[in-house]
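A.B. asks: Structure: run07.cif, mmCIF, C-alpha atoms.
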data_upload
#
loop_
_atom_site.label_atom_id
_atom_site.label_comp_id
_atom_site.auth_asym_id
_atom_site.auth_seq_id
_atom_site.Cartn_x
_atom_site.Cartn_y
_atom_site.Cartn_z
CA MET Y 1 101.58 33.04 150.37
CA ASN Y 2 104.27 35.70 150.72
CA ARG Y 3 102.42 38.27 148.60
CA LEU Y 4 99.41 37.99 150.86
CA LEU Y 5 101.57 38.73 153.86
CA ASN Y 6 102.24 42.19 152.46
CA PHE Y 7 98.53 43.07 152.35
CA PRO Y 8 97.73 45.17 155.44
CA LEU Y 9 94.46 44.24 157.08
CA LEU Y 10 93.48 47.86 157.53
CA LEU Y 11 93.80 48.51 153.81
CA LEU Y 12 90.09 47.80 153.92
CA VAL Y 13 89.86 51.36 155.20
CA PHE Y 14 92.21 54.27 154.69
CA SER Y 15 94.12 55.84 157.55
CA PHE Y 16 93.36 59.39 158.61
CA SER Y 17 96.28 61.61 157.56
CA SER Y 18 97.33 64.14 160.16
CA CYS Y 19 95.73 67.26 158.66
CA ILE Y 20 92.34 67.92 160.27
CA GLU Y 21 92.34 66.66 163.85
CA PHE Y 22 90.10 66.68 166.93
CA GLU Y 23 90.96 66.79 170.61
CA ARG Y 24 88.45 64.17 171.69
CA GLU Y 25 85.89 61.84 170.18
CA LYS Y 26 82.75 60.43 171.79
CA LEU Y 27 80.86 57.55 170.21
CA THR Y 28 77.44 56.21 171.16
CA TYR Y 29 75.94 53.12 169.57
CA VAL Y 30 72.82 50.97 169.64
CA HIS Y 31 72.42 47.51 168.16
CA ASP Y 32 68.85 47.17 166.89
CA GLU Y 33 68.53 43.39 166.75
CA GLU Y 34 65.07 43.46 165.18
CA LYS Y 35 66.34 45.51 162.23
CA ASP Y 36 69.77 43.86 162.29
CA GLU Y 37 71.42 47.27 162.23
CA LEU Y 38 73.99 49.18 164.25
CA ARG Y 39 73.30 52.88 164.76
CA VAL Y 40 76.27 55.01 165.80
CA THR Y 41 76.66 58.71 166.59
CA LEU Y 42 80.12 60.27 166.44
CA ARG Y 43 80.88 63.54 168.19
CA TYR Y 44 84.22 65.23 167.43
CA GLU Y 45 85.26 67.83 170.03
CA GLY Y 46 87.84 70.51 169.31
CA ILE Y 47 88.27 70.24 165.53
CA PHE Y 48 91.33 72.01 164.12
CA GLY Y 49 94.06 71.97 161.51
CA ASN Y 50 97.45 71.16 162.95
CA PHE Y 51 100.62 73.06 162.10
CA ALA Y 52 102.49 70.05 160.72
CA LYS Y 53 104.67 70.55 157.67
CA GLY Y 54 105.57 68.05 154.99
CA LYS Y 55 104.19 66.40 151.88
CA ASN Y 56 101.28 64.80 153.76
CA SER Y 57 100.02 68.09 155.19
CA GLN Y 58 101.07 70.68 152.58
CA ASN Y 59 100.68 71.12 148.83
CA GLY Y 60 104.01 72.91 148.82
CA PRO Y 61 106.43 74.89 151.01
CA ASP Y 62 104.23 77.99 150.85
CA ASP Y 63 101.04 76.12 151.79
CA VAL Y 64 101.10 77.08 155.47
CA THR Y 65 98.53 76.62 158.25
CA THR Y 66 98.29 79.18 161.06
CA LYS Y 67 96.17 79.34 164.19
CA ASP Y 68 93.60 81.42 162.29
CA SER Y 69 93.69 79.85 158.83
CA LEU Y 70 93.88 76.47 157.12
CA ASN Y 71 96.25 75.77 154.27
CA GLN Y 72 94.94 74.43 150.96
CA LYS Y 73 95.74 70.81 151.83
CA LYS Y 74 93.64 70.94 154.99
CA ILE Y 75 90.84 72.79 153.22
CA GLU Y 76 90.71 69.98 150.66
CA GLN Y 77 90.47 67.37 153.40
CA LEU Y 78 87.76 69.25 155.29
CA GLU Y 79 85.77 69.74 152.08
CA SER Y 80 86.08 66.02 151.29
CA VAL Y 81 84.51 65.19 154.66
CA LEU Y 82 81.64 67.58 153.92
CA GLU Y 83 81.06 66.13 150.45
CA GLN Y 84 81.72 62.42 150.92
CA GLU Y 85 80.74 59.66 153.35
CA ARG Y 86 83.75 59.57 155.68
CA ALA Y 87 83.86 58.84 159.40
CA PHE Y 88 86.84 58.70 161.76
CA PHE Y 89 87.35 56.47 164.76
CA PHE Y 90 89.63 57.52 167.63
CA SER Y 91 92.72 58.87 165.83
CA ASN Y 92 93.19 55.56 164.01
CA TRP Y 93 92.79 53.30 167.07
CA ILE Y 94 90.27 51.49 164.92
CA PHE Y 95 89.98 52.91 161.43
CA GLU Y 96 88.52 55.46 159.08
CA TYR Y 97 85.49 54.69 156.94
CA ASP Y 98 85.76 56.20 153.47
CA LYS Y 99 83.11 55.06 151.00
CA ARG Y 100 84.76 56.64 147.95
CA GLY Y 101 88.13 55.17 148.93
CA LEU Y 102 86.60 51.71 149.19
CA SER Y 103 85.02 52.10 145.76
CA GLU Y 104 88.41 53.07 144.32
CA MET Y 105 89.91 49.89 145.78
CA LEU Y 106 87.44 47.74 143.85
CA LYS Y 107 88.50 49.40 140.59
CA HIS Y 108 92.06 48.20 141.11
CA GLU Y 109 91.36 44.64 142.29
CA PRO Y 110 93.53 41.87 140.83
CA ASN Y 111 92.02 39.69 138.10
CA LYS Y 112 92.64 36.36 139.86
CA LEU Y 113 90.68 36.87 143.06
CA SER Y 114 90.46 33.14 143.74
CA SER Y 115 94.24 32.76 143.92
CA GLU Y 116 95.58 31.98 147.38
CA GLU Y 117 98.60 34.15 146.64
CA SER Y 118 96.54 37.24 145.79
CA PRO Y 119 96.75 39.92 148.51
CA PHE Y 120 93.19 40.89 147.62
CA GLY Y 121 90.91 37.87 147.49
CA LEU Y 122 87.22 37.15 147.31
CA PRO Y 123 86.66 37.59 151.08
CA GLU Y 124 88.18 41.08 150.94
CA LYS Y 125 86.12 41.99 147.88
CA ASP Y 126 82.92 40.71 149.50
CA LEU Y 127 83.57 42.70 152.65
CA ILE Y 128 84.33 45.93 150.81
CA GLU Y 129 81.20 45.57 148.69
CA ALA Y 130 79.17 44.95 151.86
CA LEU Y 131 80.64 48.03 153.56
CA ILE Y 132 79.83 50.21 150.55
CA LYS Y 133 76.28 48.88 150.35
CA ASN Y 134 75.40 48.73 154.04
CA VAL Y 135 77.11 51.73 155.66
CA GLU Y 136 75.50 55.16 155.54
CA VAL Y 137 77.29 58.20 157.01
CA ARG Y 138 75.56 61.56 157.46
CA ASN Y 139 77.01 64.86 158.63
CA LEU Y 140 74.78 66.57 161.20
CA GLY Y 141 76.66 69.88 161.34
CA PHE Y 142 79.04 71.83 163.57
CA TYR Y 143 78.69 73.84 166.78
CA LEU Y 144 80.79 75.63 169.40
CA ASP Y 145 80.98 74.03 172.84
CA GLU Y 146 81.21 75.74 176.23
CA LYS Y 147 84.94 76.26 175.66
CA SER Y 148 84.25 77.93 172.29
CA ARG Y 149 85.88 75.02 170.48
CA LEU Y 150 84.61 73.88 167.10
CA CYS Y 151 82.84 70.52 167.37
CA GLY Y 152 81.00 68.37 164.86
CA ALA Y 153 78.75 65.33 164.72
CA GLN Y 154 77.88 62.50 162.36
CA THR Y 155 75.64 59.47 162.29
CA LEU Y 156 76.61 56.07 160.91
CA ARG Y 157 74.16 53.28 160.14
CA LEU Y 158 75.36 49.71 159.51
CA SER Y 159 72.57 47.67 157.94
CA ASN Y 160 72.63 43.86 157.78
CA ALA Y 161 75.12 43.95 160.64
CA SER Y 162 75.26 40.18 161.16
CA GLN Y 163 76.16 39.58 157.50
CA VAL Y 164 78.84 42.29 157.46
CA ILE Y 165 80.42 40.96 160.65
CA ALA Y 166 80.48 37.44 159.18
CA LYS Y 167 82.31 38.79 156.13
CA ALA Y 168 84.76 40.69 158.36
CA ASN Y 169 85.49 37.49 160.26
CA ALA Y 170 86.19 35.68 156.97
CA VAL Y 171 88.74 38.36 156.03
CA LEU Y 172 90.40 38.20 159.45
CA ASP Y 173 90.63 34.40 159.12
CA ARG Y 174 92.28 34.64 155.70
CA GLN Y 175 94.70 37.39 156.71
CA LEU Y 176 95.73 35.67 159.95
CA HIS Y 177 96.31 32.38 158.13
CA ALA Y 178 98.70 34.20 155.81
CA ARG Y 179 100.62 35.96 158.54
CA ILE Y 180 101.48 32.98 160.73
CA PRO Y 181 104.97 32.52 159.19
CA GLU Y 182 105.84 36.15 159.96
CA MET Y 183 104.50 36.28 163.52
CA THR Y 184 107.91 35.71 165.05
CA LYS Y 185 107.36 37.98 168.05
CA TYR Y 186 104.66 35.65 169.38
CA SER Y 187 105.31 32.51 171.38
CA LYS Y 188 105.16 29.04 169.84
CA ARG Y 189 102.17 28.34 172.07
CA THR Y 190 100.28 31.26 170.53
CA LEU Y 191 101.12 30.17 166.98
CA SER Y 192 99.99 26.64 167.77
CA LEU Y 193 96.76 28.02 169.24
CA ILE Y 194 96.11 30.09 166.12
CA GLU Y 195 96.63 27.12 163.82
CA ARG Y 196 94.22 25.00 165.87
CA LYS Y 197 91.56 27.70 166.17
CA LEU Y 198 91.61 28.48 162.46
CA LYS Y 199 90.72 24.91 161.54
CA ARG Y 200 87.15 26.00 162.25
CA LYS Y 201 85.44 29.35 161.79
CA PHE Y 202 86.67 31.53 164.62
CA PRO Y 203 84.43 34.38 165.86
CA PHE Y 204 86.95 37.24 165.93
CA ILE Y 205 84.14 39.82 166.12
CA ARG Y 206 80.87 39.17 167.92
CA LEU Y 207 77.84 41.37 168.47
CA GLU Y 208 75.40 40.23 171.17
CA GLY Y 209 72.83 42.84 172.06
CA ASN Y 210 74.91 45.95 172.70
CA LEU Y 211 78.00 43.93 173.64
CA VAL Y 212 80.79 44.08 171.07
CA THR Y 213 83.59 41.53 171.56
CA VAL Y 214 86.83 41.30 169.60
CA ALA Y 215 88.81 38.11 170.31
CA LEU Y 216 92.60 37.89 169.90
CA ILE Y 217 94.02 34.36 169.84
CA LEU Y 218 96.94 34.58 172.30
CA ASP Y 219 98.40 32.36 174.96
CA GLN Y 220 98.50 33.78 178.49
CA GLU Y 221 102.06 35.10 178.23
CA ASP Y 222 101.28 37.02 175.04
CA GLN Y 223 98.03 38.26 176.55
CA ARG Y 224 99.98 39.91 179.36
CA LYS Y 225 102.40 41.49 176.89
CA PHE Y 226 99.55 42.83 174.79
CA ALA Y 227 97.79 44.29 177.81
CA LYS Y 228 100.97 45.94 179.08
CA ASP Y 229 101.58 47.60 175.72
CA SER Y 230 98.00 48.54 174.92
CA LEU Y 231 96.02 49.32 178.07
CA ASN Y 232 96.84 53.04 178.08
CA LYS Y 233 96.07 53.34 174.35
CA MET Y 234 92.49 52.11 174.43
CA PRO Y 235 89.36 54.25 174.38
CA ASP Y 236 87.42 54.76 177.60
CA GLY Y 237 84.74 52.10 177.73
CA VAL Y 238 86.84 49.30 176.20
CA ARG Y 239 87.84 46.62 178.69
CA ILE Y 240 90.07 43.56 178.59
CA GLU Y 241 89.01 40.06 179.63
CA TYR Y 242 91.56 37.26 179.89
CA GLN Y 243 90.68 33.72 178.88
CA LYS Y 244 92.81 30.62 178.68
CA GLN Y 245 93.24 30.73 174.90
CA ALA Y 246 92.19 34.24 173.89
CA LEU Y 247 92.21 37.83 175.04
CA LEU Y 248 88.88 39.61 174.64
CA LEU Y 249 88.35 43.31 174.02
CA LYS Y 250 84.83 44.24 175.05
CA CYS Y 251 82.67 47.34 175.02
CA GLY Y 252 79.06 47.86 175.93
CA GLY Y 253 76.78 45.29 177.49
CA ALA Y 254 74.34 42.77 176.09
CA LYS Y 255 71.38 44.37 177.88
CA GLU Y 256 72.44 48.02 177.73
CA GLU Y 257 70.03 50.37 175.97
CA GLN Y 258 72.96 52.25 174.45
CA SER Y 259 76.72 52.09 174.87
CA LYS Y 260 79.39 54.79 174.87
CA ILE Y 261 83.10 54.99 174.08
CA GLY Y 262 85.35 58.04 174.29
CA MET Y 263 88.99 58.87 173.74
CA LYS Y 264 91.37 61.81 173.88
CA CYS Y 265 92.91 61.98 170.42
CA PHE Y 266 95.06 65.04 169.65
CA GLU Y 267 96.30 68.23 171.33
CA GLY Y 268 96.96 71.74 170.07
CA TYR Y 269 93.52 73.20 169.36
CA ALA Y 270 93.37 76.39 167.30
CA PRO Y 271 90.30 78.15 165.80
CA ASN Y 272 91.52 77.84 162.19
CA ALA Y 273 88.88 75.32 161.07
CA GLN Y 274 86.19 77.36 162.82
CA LYS Y 275 87.27 80.49 160.92
CA TYR Y 276 87.12 78.63 157.62
CA LEU Y 277 83.61 77.31 158.25
CA GLU Y 278 82.35 80.71 159.39
CA GLU Y 279 83.60 82.23 156.14
CA ASN Y 280 82.62 79.44 153.74
CA HIS Y 281 79.93 77.21 155.32
CA LYS Y 282 78.17 79.36 157.88
CA GLY Y 283 74.93 77.43 157.40
CA LEU Y 284 76.57 74.30 158.84
CA LEU Y 285 77.16 76.00 162.21
CA LEU Y 286 74.23 75.11 164.48
CA GLY Y 287 73.45 75.21 168.19
CA SER Y 288 74.75 72.41 170.39
CA GLU Y 289 71.20 71.61 171.54
CA GLN Y 290 70.08 71.17 167.94
CA ILE Y 291 72.93 68.77 167.21
CA THR Y 292 72.28 66.79 170.40
CA GLU Y 293 68.59 66.42 169.54
CA LYS Y 294 69.45 65.07 166.09
CA MET Y 295 71.83 62.55 167.60
CA GLN Y 296 69.32 61.38 170.21
CA ASN Y 297 66.59 60.96 167.58
CA PHE Y 298 68.92 58.88 165.41
CA ILE Y 299 69.96 56.59 168.27
CA ALA Y 300 66.29 56.11 169.14
CA GLY Y 301 65.55 55.08 165.55
CA LEU Y 302 63.35 58.12 164.85
CA ASN Y 303 65.20 59.10 161.68
#
Let's see the structure in the file written out as structure tokens.

C.D. replies:
Amino acid sequence: MNRLLNFPLLLLVFSFSSCIEFEREKLTYVHDEEKDELRVTLRYEGIFGNFAKGKNSQNGPDDVTTKDSLNQKKIEQLESVLEQERAFFFSNWIFEYDKRGLSEMLKHEPNKLSSEESPFGLPEKDLIEALIKNVEVRNLGFYLDEKSRLCGAQTLRLSNASQVIAKANAVLDRQLHARIPEMTKYSKRTLSLIERKLKRKFPFIRLEGNLVTVALILDQEDQRKFAKDSLNKMPDGVRIEYQKQALLLKCGGAKEEQSKIGMKCFEGYAPNAQKYLEENHKGLLLGSEQITEKMQNFIAGLN
């Protein structure tokens, strides 16, 4: 099982490299139980290219970003967002969705998917295929807010939400099973709890109405440690609930019409991305009211 232990859970999505950033993100979602779909709007406030240097943010030593211009590396990333289905969630607190990246993963899957020792097994393959098939991301456009910052918005639709969540839970089960021998920072009570809970299907992720719950199998001591380390890193709107054998992360409410999450992500805004769009994609710059109307119509299921 050692090879499986090296497979990072979040390889299912690719991390957002620190090139194009945003000062704050606001997310609104609705779970349409009749359609079995999750509709999400994502608003990115204060979009800019940072001044970082290095191989992850430059194509070379002369590929420099300034407050008024993007370097080639950041232009490539911004263009990829415009051309492809990519969505970003809270500066990597959760993940990035990248449909093309997921498709590339399937091209490089191991031949023996049924092997227990494979870091990429059938549950992972099933989940990735489901994410490619059932997630639709659309760019709504950009606008300038009251502070003259560049902002942008997207919609994300997850169809067959109950099936996708079931597949995600299967992956979490498999990955957690594999990692038990390496979880040395957790108490013996937590490891014993995990082993007992995984004898049956454990609902790591649950969606009930507009209530999203993520359960972490931890004993009470490890729950306190987790909360101490993580409370100030969570988005606004995510709350912690302590139970005897698990810590729950919750957002929204079962009977809410729509739920909202927000988070401050990066600092250092500059108008460089705005300048690039004005010069190269002026038609994507809209009024804030127009963007807001599109988002409201999507949440209401009107488009």

A.B. asks: Taking into account only C-alpha atoms, which residue in the set Y:Ala300, Y:Leu176, Y:Ala273, Y:Leu191 is nearest to Lys74 of chain Y?

C.D. replies: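 Of the candidates, the smallest distance to Lys74 of chain Y is held by Y:Ala273.
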
A.B. asks: Name the closest residue to Ser103 of chain Y among the candidates Y:Glu76, Y:Glu45, Y:Glu23, Y:Glu129; distances are taken between atoms, counting all atoms listed in the file.

C.D. replies: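 For Ser103 of chain Y, the nearest of the candidates is Y:Glu129.
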
A.B. asks: The PyMOL selection byres ((chain Y and resi 292) around 12) on the file shown: which residues, as a list in words?

C.D. replies: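 Here the PyMOL selection byres ((chain Y and resi 292) around 12) matches Thr28, Thr41, Leu42, Arg43, Leu140, Gly141, Phe142, Tyr143, Asp145, Cys151, Gly152, Ala153, Gln154, Thr155, Leu286, Gly287, Ser288, Glu289, Gln290, Ile291, Glu293, Lys294, Met295, Gln296, Asn297, Phe298 and Ile299 of chain Y.
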
A.B. asks: For this structure, which residues satisfy the selection - the PyMOL selection byres ((chain Y and resi 236-251) around 9) - when it is evaluated on the file as given? I want them as a list in words.

C.D. replies: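 That selection, the PyMOL selection byres ((chain Y and resi 236-251) around 9), comes back as Thr190, Leu193, Asn210, Leu211, Val212, Thr213, Val214, Ala215, Leu216, Ile217, Leu218, Asp219, Gln220, Gln223, Arg224, Phe226, Ala227, Leu231, Met234, Pro235, Gly252, Gly253, Ser259, Lys260, Ile261, Gly262, Met263 and Lys264 of chain Y.
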
A.B. asks: Under the PyMOL selection byres ((chain Y and resi 177) around 12), which residues of this model are included? Write them out as a PDB file with C-alpha atoms, keeping the file's coordinate frame.

C.D. replies:
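This went into out15.pdb:
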ATOM      1  CA  MET Y   1     101.580  33.040 150.370  1.00  0.00           C
ATOM      2  CA  ASN Y   2     104.270  35.700 150.720  1.00  0.00           C
ATOM      3  CA  LEU Y   4      99.410  37.990 150.860  1.00  0.00           C
ATOM      4  CA  LEU Y   5     101.570  38.730 153.860  1.00  0.00           C
ATOM      5  CA  GLU Y 116      95.580  31.980 147.380  1.00  0.00           C
ATOM      6  CA  GLU Y 117      98.600  34.150 146.640  1.00  0.00           C
ATOM      7  CA  ALA Y 170      86.190  35.680 156.970  1.00  0.00           C
ATOM      8  CA  VAL Y 171      88.740  38.360 156.030  1.00  0.00           C
ATOM      9  CA  LEU Y 172      90.400  38.200 159.450  1.00  0.00           C
ATOM     10  CA  ASP Y 173      90.630  34.400 159.120  1.00  0.00           C
ATOM     11  CA  ARG Y 174      92.280  34.640 155.700  1.00  0.00           C
ATOM     12  CA  GLN Y 175      94.700  37.390 156.710  1.00  0.00           C
ATOM     13  CA  LEU Y 176      95.730  35.670 159.950  1.00  0.00           C
ATOM     14  CA  ALA Y 178      98.700  34.200 155.810  1.00  0.00           C
ATOM     15  CA  ARG Y 179     100.620  35.960 158.540  1.00  0.00           C
ATOM     16  CA  ILE Y 180     101.480  32.980 160.730  1.00  0.00           C
ATOM     17  CA  PRO Y 181     104.970  32.520 159.190  1.00  0.00           C
ATOM     18  CA  GLU Y 182     105.840  36.150 159.960  1.00  0.00           C
ATOM     19  CA  MET Y 183     104.500  36.280 163.520  1.00  0.00           C
ATOM     20  CA  LEU Y 191     101.120  30.170 166.980  1.00  0.00           C
ATOM     21  CA  SER Y 192      99.990  26.640 167.770  1.00  0.00           C
ATOM     22  CA  LEU Y 193      96.760  28.020 169.240  1.00  0.00           C
ATOM     23  CA  ILE Y 194      96.110  30.090 166.120  1.00  0.00           C
ATOM     24  CA  GLU Y 195      96.630  27.120 163.820  1.00  0.00           C
ATOM     25  CA  ARG Y 196      94.220  25.000 165.870  1.00  0.00           C
ATOM     26  CA  LYS Y 197      91.560  27.700 166.170  1.00  0.00           C
ATOM     27  CA  LEU Y 198      91.610  28.480 162.460  1.00  0.00           C
ATOM     28  CA  LYS Y 199      90.720  24.910 161.540  1.00  0.00           C
ATOM     29  CA  ARG Y 200      87.150  26.000 162.250  1.00  0.00           C
ATOM     30  CA  LYS Y 201      85.440  29.350 161.790  1.00  0.00           C
ATOM     31  CA  PHE Y 202      86.670  31.530 164.620  1.00  0.00           C
TER      32      PHE Y 202
END

A.B. asks: Smallest atom-to-atom distance to Tyr269 of chain Y: which of Y:Lys67, Y:His31, Y:Arg138, Y:Lys125, using all atoms listed in the file?

C.D. replies: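 Smallest distance to Tyr269 of chain Y is found for Y:Lys67.
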
A.B. asks: Neighbours of Cys19 of chain Y within 7 Å (all atoms listed in the file; same-chain residues fewer than 2 positions away dropped), as a VMD selection string?

C.D. replies: chain Y and resid 17 21 49 to 50 57 74

A.B. asks: Okay, now the selection with C-alpha atoms, as an mmCIF file, in the coordinates of the input?

C.D. replies:
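Resulting contents of result-v6.cif:
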data_model
loop_
_atom_site.group_PDB
_atom_site.id
_atom_site.type_symbol
_atom_site.label_atom_id
_atom_site.label_comp_id
_atom_site.auth_asym_id
_atom_site.auth_seq_id
_atom_site.Cartn_x
_atom_site.Cartn_y
_atom_site.Cartn_z
ATOM 1 C CA SER Y 17 96.280 61.610 157.560
ATOM 2 C CA GLU Y 21 92.340 66.660 163.850
ATOM 3 C CA GLY Y 49 94.060 71.970 161.510
ATOM 4 C CA ASN Y 50 97.450 71.160 162.950
ATOM 5 C CA SER Y 57 100.020 68.090 155.190
ATOM 6 C CA LYS Y 74 93.640 70.940 154.990
#

A.B. asks: Of the candidates Y:Ala166, Y:Cys265, Y:Leu127, Y:Ala161, which one gets nearest to Asp32 of chain Y if we count all atoms listed in the file?

C.D. replies: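 Looking only at the distances to Asp32 of chain Y, the closest residue turns out to be Y:Ala161.
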
A.B. asks: Using all atoms listed in the file, can you tell me which of Y:Phe51, Y:Leu302, Y:Glu85, Y:Asp68 comes closest to Glu278 of chain Y?

C.D. replies: Y:Asp68

A.B. asks: Measuring between only C-alpha atoms, which one of Y:Lys255, Y:Lys107, Y:Lys185, Y:Arg39 shows the shortest distance to Asp222 of chain Y?

C.D. replies: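 Nearest candidate to Asp222 of chain Y out of Y:Lys255, Y:Lys107, Y:Lys185, Y:Arg39: Y:Lys185.
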
A.B. asks: What is the distance between atom CA of Asn134 of chain Y and atom CA of Leu158 of chain Y, in Å to one decimal?

C.D. replies: 5.6 Å

A.B. asks: Using Å and a single decimal, report how far atom CA of Lys147 of chain Y sits from atom CA of Glu79 of chain Y.

C.D. replies: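 Straight-line distance from atom CA of Glu79 of chain Y to atom CA of Lys147 of chain Y works out to 24.5 Å.
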
A.B. asks: Would you mind reading off the distance between atom CA of Tyr29 of chain Y and atom CA of Gln258 of chain Y, one decimal, in Å?

C.D. replies: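 Spanning atom CA of Tyr29 of chain Y to atom CA of Gln258 of chain Y is a straight-line distance of 5.8 Å.
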